[in-house]
$ cat query_26.cif   # mmCIF, C-alpha atoms
data_input
loop_
_atom_site.label_atom_id
_atom_site.label_comp_id
_atom_site.auth_asym_id
_atom_site.auth_seq_id
_atom_site.Cartn_x
_atom_site.Cartn_y
_atom_site.Cartn_z
CA MET A 23 21.18 1.73 -1.21
CA TYR A 24 17.67 1.41 0.15
CA ARG A 25 18.50 3.71 3.07
CA ILE A 26 19.78 6.38 0.68
CA GLN A 27 16.56 6.16 -1.34
CA ILE A 28 14.48 6.47 1.83
CA ILE A 29 16.49 9.50 2.95
CA VAL A 30 15.89 11.14 -0.43
CA LEU A 31 12.15 10.52 -0.16
CA ILE A 32 12.09 11.96 3.37
CA ILE A 33 13.91 15.09 2.20
CA ILE A 34 11.42 15.44 -0.64
CA ALA A 35 8.58 14.96 1.81
CA PHE A 36 9.73 17.83 3.98
CA LEU A 37 10.43 20.06 0.98
CA SER A 38 7.17 19.12 -0.74
CA PRO A 39 5.27 22.33 0.16
CA PHE A 40 7.99 24.32 -1.63
CA LEU A 41 8.16 21.96 -4.58
CA TYR A 42 4.41 22.15 -5.07
CA ALA A 43 4.25 25.90 -4.57
CA GLY A 44 6.19 26.45 -7.79
CA ARG A 45 3.30 24.94 -9.71
CA ALA A 46 0.54 26.35 -7.54
CA LEU A 47 -1.04 28.24 -10.42
CA CYS A 48 -1.29 24.99 -12.42
CA TRP A 49 -3.10 22.95 -9.79
CA GLU A 50 -6.83 22.71 -9.19
CA VAL A 51 -8.06 21.14 -5.94
CA LYS A 52 -10.94 18.74 -5.28
CA ARG A 53 -11.62 18.62 -1.54
CA SER A 54 -13.58 16.04 0.45
CA GLU A 55 -13.68 14.82 4.04
CA HIS A 56 -10.45 12.79 3.88
CA ALA A 57 -8.79 14.03 0.71
CA GLU A 58 -7.42 17.02 -1.13
CA VAL A 59 -6.84 15.95 -4.71
CA PHE A 60 -4.55 18.26 -6.69
CA TYR A 61 -4.98 17.97 -10.43
CA HIS A 62 -4.54 19.80 -13.71
CA GLU A 63 -7.61 21.15 -15.42
CA GLU A 64 -7.87 18.33 -17.97
CA ASP A 65 -7.94 15.70 -15.18
CA LEU A 66 -11.06 16.85 -13.36
CA SER A 67 -12.98 13.61 -13.91
CA LEU A 68 -10.00 11.59 -12.67
CA ALA A 69 -9.74 13.78 -9.57
CA ILE A 70 -13.42 13.18 -8.82
CA ARG A 71 -12.91 9.41 -9.11
CA VAL A 72 -9.85 9.44 -6.85
CA SER A 73 -11.65 11.53 -4.24
CA SER A 74 -14.62 9.14 -4.32
CA LEU A 75 -12.37 6.07 -4.00
CA ILE A 76 -10.67 7.50 -0.92
CA GLU A 77 -13.95 8.37 0.76
CA ARG A 78 -15.46 4.95 0.00
CA GLY A 79 -12.37 3.04 1.11
CA TYR A 80 -11.10 5.11 4.03
CA GLY A 81 -13.23 3.52 6.75
CA ARG A 82 -12.43 -0.05 5.70
CA VAL A 83 -8.69 0.51 5.23
CA ALA A 84 -8.35 2.36 8.53
CA GLY A 85 -10.57 -0.01 10.51
CA ARG A 86 -8.73 -3.14 9.43
CA ILE A 87 -5.52 -1.86 11.03
CA GLY A 88 -7.23 -0.42 14.09
CA PHE A 89 -6.89 3.25 13.18
CA PHE A 90 -10.01 5.22 14.02
CA GLU A 91 -8.97 8.83 13.51
CA ASP A 92 -9.78 11.12 10.61
CA VAL A 93 -6.85 12.51 8.64
CA THR A 94 -6.72 14.37 5.34
CA VAL A 95 -4.61 12.92 2.55
CA ARG A 96 -3.19 15.06 -0.26
CA VAL A 97 -3.10 13.38 -3.66
CA PHE A 98 -1.21 14.79 -6.63
CA LEU A 99 -2.23 13.62 -10.11
CA THR A 100 0.80 14.22 -12.28
CA SER A 101 0.35 14.95 -15.96
CA SER A 102 3.54 13.31 -17.25
CA ASP A 103 6.38 10.99 -16.31
CA GLU A 104 8.66 14.01 -16.06
CA GLU A 105 6.40 15.66 -13.50
CA PHE A 106 6.08 12.42 -11.53
CA ASN A 107 9.85 11.89 -11.48
CA SER A 108 10.43 15.49 -10.48
CA MET A 109 8.02 15.29 -7.56
CA THR A 110 9.39 11.95 -6.32
CA GLY A 111 13.07 12.81 -6.71
CA ASP A 112 13.46 10.39 -9.64
CA VAL A 113 13.98 7.46 -7.24
CA ILE A 114 10.87 5.49 -8.23
CA PRO A 115 11.54 2.80 -10.90
CA ASP A 116 9.68 2.81 -14.20
CA TRP A 117 7.40 0.03 -12.95
CA GLY A 118 6.25 2.19 -10.02
CA VAL A 119 2.93 3.91 -10.67
CA GLY A 120 2.45 5.56 -7.32
CA CYS A 121 4.37 6.87 -4.33
CA ALA A 122 3.26 7.55 -0.77
CA LEU A 123 5.04 9.99 1.55
CA PRO A 124 3.40 8.95 4.84
CA GLU A 125 5.13 11.59 6.97
CA ARG A 126 3.44 14.29 4.87
CA ARG A 127 0.23 12.32 4.18
CA VAL A 128 0.96 12.75 0.48
CA ILE A 129 0.26 10.43 -2.44
CA ILE A 130 1.76 11.07 -5.88
CA LEU A 131 0.31 9.12 -8.81
CA ARG A 132 2.06 8.59 -12.12
CA HIS A 133 0.22 9.81 -15.20
CA GLY A 134 -1.37 6.93 -17.14
CA GLY A 135 -0.35 4.17 -14.73
CA LYS A 136 -1.37 0.78 -16.12
CA VAL A 137 -3.09 -0.59 -13.03
CA LYS A 138 -6.62 -0.50 -11.72
CA LEU A 139 -7.20 2.93 -10.21
CA ASN A 140 -9.13 1.66 -7.17
CA GLU A 141 -6.31 -0.76 -6.30
CA LEU A 142 -3.64 1.91 -6.73
CA VAL A 143 -5.43 4.49 -4.58
CA LEU A 144 -6.20 2.05 -1.74
CA HIS A 145 -2.65 0.65 -1.87
CA GLU A 146 -1.09 4.08 -1.35
CA LEU A 147 -3.73 5.07 1.19
CA SER A 148 -2.83 1.96 3.18
CA HIS A 149 0.81 3.08 3.43
CA ILE A 150 -0.24 6.40 4.92
CA LEU A 151 -2.77 5.01 7.39
CA LEU A 152 -0.44 2.19 8.50
CA TRP A 153 2.19 4.82 9.24
CA GLN A 154 -0.39 6.72 11.29
CA ALA A 155 -1.57 3.57 13.10
CA THR A 156 1.97 2.58 14.12
CA GLY A 157 2.92 6.06 15.26
CA GLY A 158 5.39 6.45 12.42
CA GLY A 159 7.44 3.47 13.56
CA ARG A 160 9.64 1.78 10.99
CA VAL A 161 8.29 -1.51 9.63
CA PRO A 162 9.96 -3.93 7.19
CA HIS A 163 9.10 -3.43 3.56
CA TRP A 164 7.42 -6.84 3.23
CA PHE A 165 5.04 -5.95 6.04
CA ASN A 166 4.23 -2.52 4.63
CA GLU A 167 3.65 -3.84 1.10
CA GLY A 168 1.86 -6.97 2.29
CA VAL A 169 -0.68 -4.89 4.19
CA ALA A 170 -1.14 -2.59 1.17
CA VAL A 171 -1.72 -5.49 -1.25
CA TRP A 172 -4.17 -7.05 1.21
CA GLN A 173 -6.02 -3.77 1.71
CA SER A 174 -6.33 -3.10 -2.02
CA ARG A 175 -7.26 -6.70 -2.90
CA GLU A 176 -4.64 -6.93 -5.65
CA TRP A 177 -4.10 -10.70 -5.48
CA ARG A 178 -4.36 -12.52 -8.81
CA MET A 179 -4.52 -16.24 -9.59
CA GLY A 180 -1.40 -15.80 -11.69
CA GLN A 181 0.57 -14.93 -8.58
CA SER A 182 0.22 -18.51 -7.36
CA ILE A 183 1.97 -19.60 -10.54
CA THR A 184 4.63 -16.93 -9.98
CA MET A 185 5.25 -18.22 -6.46
CA ALA A 186 5.31 -21.86 -7.57
CA LYS A 187 7.85 -21.00 -10.25
CA ALA A 188 10.03 -19.18 -7.70
CA VAL A 189 9.90 -22.19 -5.37
CA LEU A 190 10.67 -24.65 -8.18
CA LEU A 191 13.62 -22.62 -9.48
CA LYS A 192 14.82 -21.73 -5.96
CA GLN A 193 14.35 -18.01 -6.62
CA VAL A 194 12.35 -17.11 -3.49
CA ILE A 195 13.48 -13.71 -2.24
CA PRO A 196 14.35 -13.66 1.49
CA LEU A 197 11.91 -11.29 3.16
CA HIS A 198 14.60 -9.00 4.54
CA GLU A 199 15.94 -8.43 1.01
CA ILE A 200 12.59 -6.92 -0.03
CA ASP A 201 13.74 -3.78 1.77
CA SER A 202 15.73 -3.08 -1.42
CA MET A 203 12.72 -3.43 -3.71
CA LEU A 204 13.19 -0.02 -5.34
CA SER A 205 16.29 -1.42 -7.02
CA PHE A 206 14.48 -4.50 -8.37
CA SER A 207 13.50 -5.20 -11.95
CA SER A 208 9.76 -5.23 -12.68
CA SER A 209 9.54 -9.04 -12.62
CA ARG A 210 11.47 -9.31 -9.35
CA ALA A 211 9.33 -6.53 -7.86
CA TYR A 212 6.19 -8.44 -8.88
CA LEU A 213 7.53 -11.48 -7.02
CA ALA A 214 8.37 -9.28 -4.03
CA TYR A 215 4.79 -7.97 -3.86
CA THR A 216 3.53 -11.54 -4.11
CA GLU A 217 5.79 -12.71 -1.30
CA SER A 218 4.86 -9.71 0.87
CA PHE A 219 1.18 -10.57 0.60
CA LEU A 220 1.83 -14.23 1.37
CA ALA A 221 3.94 -13.26 4.39
CA LEU A 222 0.97 -11.31 5.73
CA VAL A 223 -1.34 -14.27 5.03
CA TYR A 224 1.01 -16.52 6.99
CA LEU A 225 1.12 -13.97 9.82
CA PHE A 226 -2.69 -14.16 9.95
CA GLU A 227 -2.51 -17.96 10.07
CA ILE A 228 -0.22 -18.05 13.08
CA GLY A 229 -1.55 -14.98 14.90
CA GLY A 230 -5.17 -14.62 13.81
CA ARG A 231 -6.76 -11.65 12.05
CA GLY A 232 -6.23 -9.46 15.12
CA VAL A 233 -2.45 -9.76 14.86
CA LEU A 234 -2.21 -6.73 12.59
CA GLN A 235 -4.01 -4.47 15.03
CA ARG A 236 -1.96 -5.85 17.95
CA ILE A 237 1.29 -5.00 16.17
CA ALA A 238 0.04 -1.49 15.36
CA GLU A 239 -1.11 -0.91 18.95
CA ARG A 240 2.21 -1.97 20.43
CA MET A 241 4.18 0.17 18.00
CA LEU A 242 1.93 3.13 18.78
CA GLU A 243 2.87 2.60 22.43
CA GLY A 244 6.53 2.94 21.51
CA GLN A 245 7.74 -0.59 20.76
CA ASP A 246 9.78 -1.31 17.65
CA PHE A 247 8.49 -3.74 15.04
CA ASP A 248 10.56 -6.71 16.24
CA HIS A 249 9.19 -6.53 19.80
CA ALA A 250 5.66 -5.87 18.58
CA LEU A 251 5.84 -8.86 16.21
CA TYR A 252 7.07 -11.13 19.00
CA GLU A 253 4.39 -10.08 21.48
CA ALA A 254 1.64 -10.29 18.86
CA SER A 255 2.64 -13.58 17.23
CA GLY A 256 5.21 -15.29 19.43
CA TYR A 257 7.84 -15.11 16.65
CA LEU A 258 11.09 -13.21 16.46
CA ARG A 259 11.57 -11.63 13.03
CA ASP A 260 14.28 -14.10 11.91
CA GLU A 261 12.21 -17.03 13.17
CA PHE A 262 9.17 -15.75 11.32
CA GLU A 263 11.09 -15.37 8.06
CA LYS A 264 12.48 -18.93 8.26
CA SER A 265 9.09 -20.36 9.17
CA TRP A 266 7.46 -18.47 6.30
CA GLU A 267 10.01 -19.81 3.82
CA GLY A 268 9.14 -23.35 4.90
CA TYR A 269 5.45 -22.50 4.55
CA VAL A 270 5.70 -21.28 0.94
CA ARG A 271 7.94 -24.20 -0.07
CA ARG A 272 5.36 -26.64 1.26
CA LYS A 273 2.36 -24.79 -0.14
CA TYR A 274 3.72 -23.87 -3.55
CA ASN A 275 5.68 -26.92 -4.64
CA PRO A 276 4.17 -28.48 -7.81
CA ILE A 277 2.79 -31.58 -6.04
CA SER A 278 1.00 -29.55 -3.37
CA ILE A 279 -0.53 -27.27 -5.98
CA LEU A 280 -1.78 -30.24 -8.01
CA LEU A 281 -3.22 -31.99 -4.96
CA ASP A 282 -5.07 -28.88 -3.83
CA SER A 283 -8.76 -29.73 -4.35
CA PHE A 284 -9.55 -26.61 -6.39
CA ASN A 285 -6.49 -26.94 -8.59
CA LEU A 286 -7.08 -30.67 -9.03
CA TRP A 287 -10.62 -30.14 -10.29
CA LEU A 288 -9.40 -27.25 -12.42
CA ALA A 289 -6.77 -29.53 -13.98
CA ILE A 290 -9.37 -32.26 -14.59
CA PHE A 291 -11.73 -29.75 -16.22
CA ALA A 292 -8.90 -28.38 -18.38
CA LEU A 293 -7.97 -31.93 -19.42
CA PHE A 294 -11.60 -32.64 -20.30
CA LEU A 295 -11.72 -29.53 -22.50
CA ILE A 296 -8.48 -30.47 -24.23
CA VAL A 297 -9.73 -34.02 -24.97
CA TYR A 298 -13.11 -32.64 -26.14
CA PHE A 299 -11.56 -30.19 -28.60
CA ILE A 300 -9.08 -32.77 -29.90
CA LYS A 301 -11.92 -35.21 -30.58
CA ARG A 302 -13.97 -32.44 -32.19
CA TRP A 303 -11.07 -31.45 -34.41
CA ARG A 304 -10.48 -35.06 -35.45
CA MET A 305 -14.18 -35.61 -36.23
CA LYS A 306 -14.25 -32.43 -38.31
CA LYS A 307 -11.21 -33.62 -40.21
CA ILE A 308 -12.87 -37.00 -40.90
CA LEU A 309 -16.08 -35.33 -42.11
CA VAL A 310 -14.12 -33.11 -44.48
CA GLN A 311 -12.32 -36.16 -45.83
CA TRP A 312 -15.63 -37.99 -46.35
CA GLU A 313 -17.07 -35.00 -48.21
CA MET A 314 -14.04 -34.91 -50.49
CA GLU A 315 -14.36 -38.65 -51.19
CA GLU A 316 -18.08 -38.30 -51.93
CA GLU A 317 -17.43 -35.43 -54.32
CA GLY A 318 -14.82 -37.54 -56.11
CA SER A 319 -17.18 -40.50 -56.30
CA ASP A 320 -20.03 -38.33 -57.73
CA GLY A 321 -17.72 -37.03 -60.42
CA ASN A 322 -16.75 -40.52 -61.54
CA GLU A 323 -20.40 -41.58 -61.77
CA ASP A 324 -21.13 -38.64 -64.05
CA VAL A 325 -18.26 -39.63 -66.35
CA TRP A 326 -19.42 -43.24 -66.64
CA SER A 327 -23.02 -42.20 -67.30
CA VAL A 328 -21.89 -40.09 -70.24
CA ILE A 329 -19.87 -42.96 -71.70
CA GLU A 330 -22.81 -45.31 -71.45
#

$ encode --input "query_26.cif" --output "C-alpha cells"
Amino acid sequence: MYRIQIIVLIIIAFLSPFLYAGRALCWEVKRSEHAEVFYHEEDLSLAIRVSSLIERGYGRVAGRIGFFEDVTVRVFLTSSDEEFNSMTGDVIPDWGVGCALPERRVIILRHGGKVKLNELVLHELSHILLWQATGGGRVPHWFNEGVAVWQSREWRMGQSITMAKAVLLKQVIPLHEIDSMLSFSSSRAYLAYTESFLALVYLFEIGGRGVLQRIAERMLEGQDFDHALYEASGYLRDEFEKSWEGYVRRKYNPISILLDSFNLWLAIFALFLIVYFIKRWRMKKILVQWEMEEEGSDGNEDVWSVIE
C-alpha cells in the first residue's frame, strides 16, 4: 500500500509543472534566495512569512545534515482542502497538513493547517534537503520523519506520556511499520512521529551527533541506507530496531519515568500543590461554617434581648 502511495506521489511530482500551469493565472509568486512561494492574492502576508522562515532556517537545516549547496524550493500555499487534495493526488490523510515532493523540490501546504507555521515549514524543508544530501537515496520513513521532527523542534512534553502509554499497553509500533504511516489514524500517526524522533535520538546516543552527516555522505557516494547505517553506527537495520525497542521500554516504563530526577521533582511539586489546595479548600469551608454559626448565634441574642 505504501509503495503505491509513493508511486502516486512520484507521478504527481513529475506532472506537477502541468498541474500547476492550469492555475498559473491564479498564482502570485514571492521569490527569495532559496524559495519561490506561490500563493493566491489574499495570502500575501502568509507567503511573506513562509519565505522568511525558509531563509532564516535554511542554513541551520542544511548544515545539520552536512548539505552545503544552495537550492531553490517551490512552496504552494493552497486555498482550500480541495486544492490541496488535488495537488497531492488525494493520498494525504486528513491529519496531514503538508506534503514534500523532494524530487521536484516542491512543498505543498494545506490551507489553515492547525500546526505552528515555523515547525511545518522547517519540517517539509528538511525532507527536501535530506533527499538532496543523500543523493536521492531511499531512507526508511522513521529516519526521514525523525530528522524532520528534530530539525523543526516539534517535540512536546506530552509525547513522553504518549510513549510511556504505548510501552505500558504494548502498543509500540515497530519502526519498519512506520513506512505505512500514510494509512495510519491521526493518533497512531502522532505515535509514529514520536517514535521516529526517539529513534533518531537513540541513533545520536550510539553514533554521536556526526552520525547523521556520516550516513548522508555514504549515501551520496552511492551506498544504500542499510550499509550507510552500519558503517556510521555499527548496527544493521534489524539490530538497530531491536536495540531501540529495548531502549524505549527501559526509558519509558512508568518506574523509570518516575525515578527520572526532573519527573520526580515535578511529581513532588504537583503533590505539594494538590495538598496545598486541599488544605486551602478545607480551611475555607471551615471559615464559612464558622460565619454561619456566628450569624445564627447573633440572631438568637437579638431575640432574647427583645424578650427581656

$ atom_distance --input "query_26.cif" --atom1 "CA of Arg259 in chain A" --atom2 "CA of Phe247 in chain A"
8.7 Å

$ resolve_selection --input "query_26.cif" --expression "the PyMOL selection byres ((chain A and resi 254) around 9)" --output "ChimeraX atom specification"
/A:229,232-237,240,249-253,255-257

$ closest_atom_pairs --input "query_26.cif" --of "range 164-208 of chain A" --to "range 104-128 of chain A" --cutoff "12 Å" --atoms "all atoms listed in the file" --output "JSON lines"
{"residue": "A:Asn166", "atom": "CA", "partner": "A:Ala122", "partner_atom": "CA", "distance": 11.5}
{"residue": "A:Glu167", "atom": "CA", "partner": "A:Ala122", "partner_atom": "CA", "distance": 11.5}
{"residue": "A:Ala170", "atom": "CA", "partner": "A:Ala122", "partner_atom": "CA", "distance": 11.2}
{"residue": "A:Ser202", "atom": "CA", "partner": "A:Pro115", "partner_atom": "CA", "distance": 11.9}
{"residue": "A:Met203", "atom": "CA", "partner": "A:Pro115", "partner_atom": "CA", "distance": 9.6}
{"residue": "A:Leu204", "atom": "CA", "partner": "A:Pro115", "partner_atom": "CA", "distance": 6.4}
{"residue": "A:Ser205", "atom": "CA", "partner": "A:Pro115", "partner_atom": "CA", "distance": 7.4}
{"residue": "A:Phe206", "atom": "CA", "partner": "A:Pro115", "partner_atom": "CA", "distance": 8.3}
{"residue": "A:Ser207", "atom": "CA", "partner": "A:Trp117", "partner_atom": "CA", "distance": 8.1}
{"residue": "A:Ser208", "atom": "CA", "partner": "A:Trp117", "partner_atom": "CA", "distance": 5.8}

$ resolve_selection --input "query_26.cif" --expression "the PyMOL selection byres ((chain A and resi 79-84) around 8)" --output "PyMOL selection string"
chain A and resi 56+75-78+85-90+144+147-148+151-152+173

$ residues_around --input "query_26.cif" --residues "Asp260 in chain A" --least-positions-apart "3" --cutoff "10 Å" --atoms "all atoms listed in the file" --output "list in words"
Leu197, His198, Asp248, Tyr257, Glu263, Lys264, Ser265 and Trp266 of chain A

$ residues_around --input "query_26.cif" --residues "range 210-223 of chain A" --least-positions-apart "6" --cutoff "8 Å" --atoms "all atoms listed in the file" --output "mmCIF file with C-alpha atoms, keeping the file's coordinate frame"
data_model
loop_
_atom_site.group_PDB
_atom_site.id
_atom_site.type_symbol
_atom_site.label_atom_id
_atom_site.label_comp_id
_atom_site.auth_asym_id
_atom_site.auth_seq_id
_atom_site.Cartn_x
_atom_site.Cartn_y
_atom_site.Cartn_z
ATOM 1 C CA TRP A 164 7.420 -6.840 3.230
ATOM 2 C CA PHE A 165 5.040 -5.950 6.040
ATOM 3 C CA GLU A 167 3.650 -3.840 1.100
ATOM 4 C CA GLY A 168 1.860 -6.970 2.290
ATOM 5 C CA VAL A 169 -0.680 -4.890 4.190
ATOM 6 C CA VAL A 171 -1.720 -5.490 -1.250
ATOM 7 C CA TRP A 172 -4.170 -7.050 1.210
ATOM 8 C CA TRP A 177 -4.100 -10.700 -5.480
ATOM 9 C CA GLN A 181 0.570 -14.930 -8.580
ATOM 10 C CA THR A 184 4.630 -16.930 -9.980
ATOM 11 C CA MET A 185 5.250 -18.220 -6.460
ATOM 12 C CA ILE A 195 13.480 -13.710 -2.240
ATOM 13 C CA LEU A 197 11.910 -11.290 3.160
ATOM 14 C CA ILE A 200 12.590 -6.920 -0.030
ATOM 15 C CA MET A 203 12.720 -3.430 -3.710
ATOM 16 C CA LEU A 204 13.190 -0.020 -5.340
ATOM 17 C CA TRP A 266 7.460 -18.470 6.300
#

$ axis_aligned_box --input "query_26.cif" --around "range 250-255 of chain A" --padding-each-side "5 Å" --output "JSON"
{"center_x": 4.4, "center_y": -9.7, "center_z": 18.8, "size_x": 15.4, "size_y": 17.7, "size_z": 15.3}

$ atom_distance --input "query_26.cif" --atom1 "CA of Ile70 in chain A" --atom2 "CA of Ile129 in chain A"
15.3 Å

$ resolve_selection --input "query_26.cif" --expression "the PyMOL selection byres ((chain A and resi 271) around 12)" --output "PyMOL selection string"
chain A and resi 185-194+217+220+264-270+272-279

$ atom_distance --input "query_26.cif" --atom1 "CA of Thr94 in chain A" --atom2 "CA of Glu58 in chain A"
7.0 Å
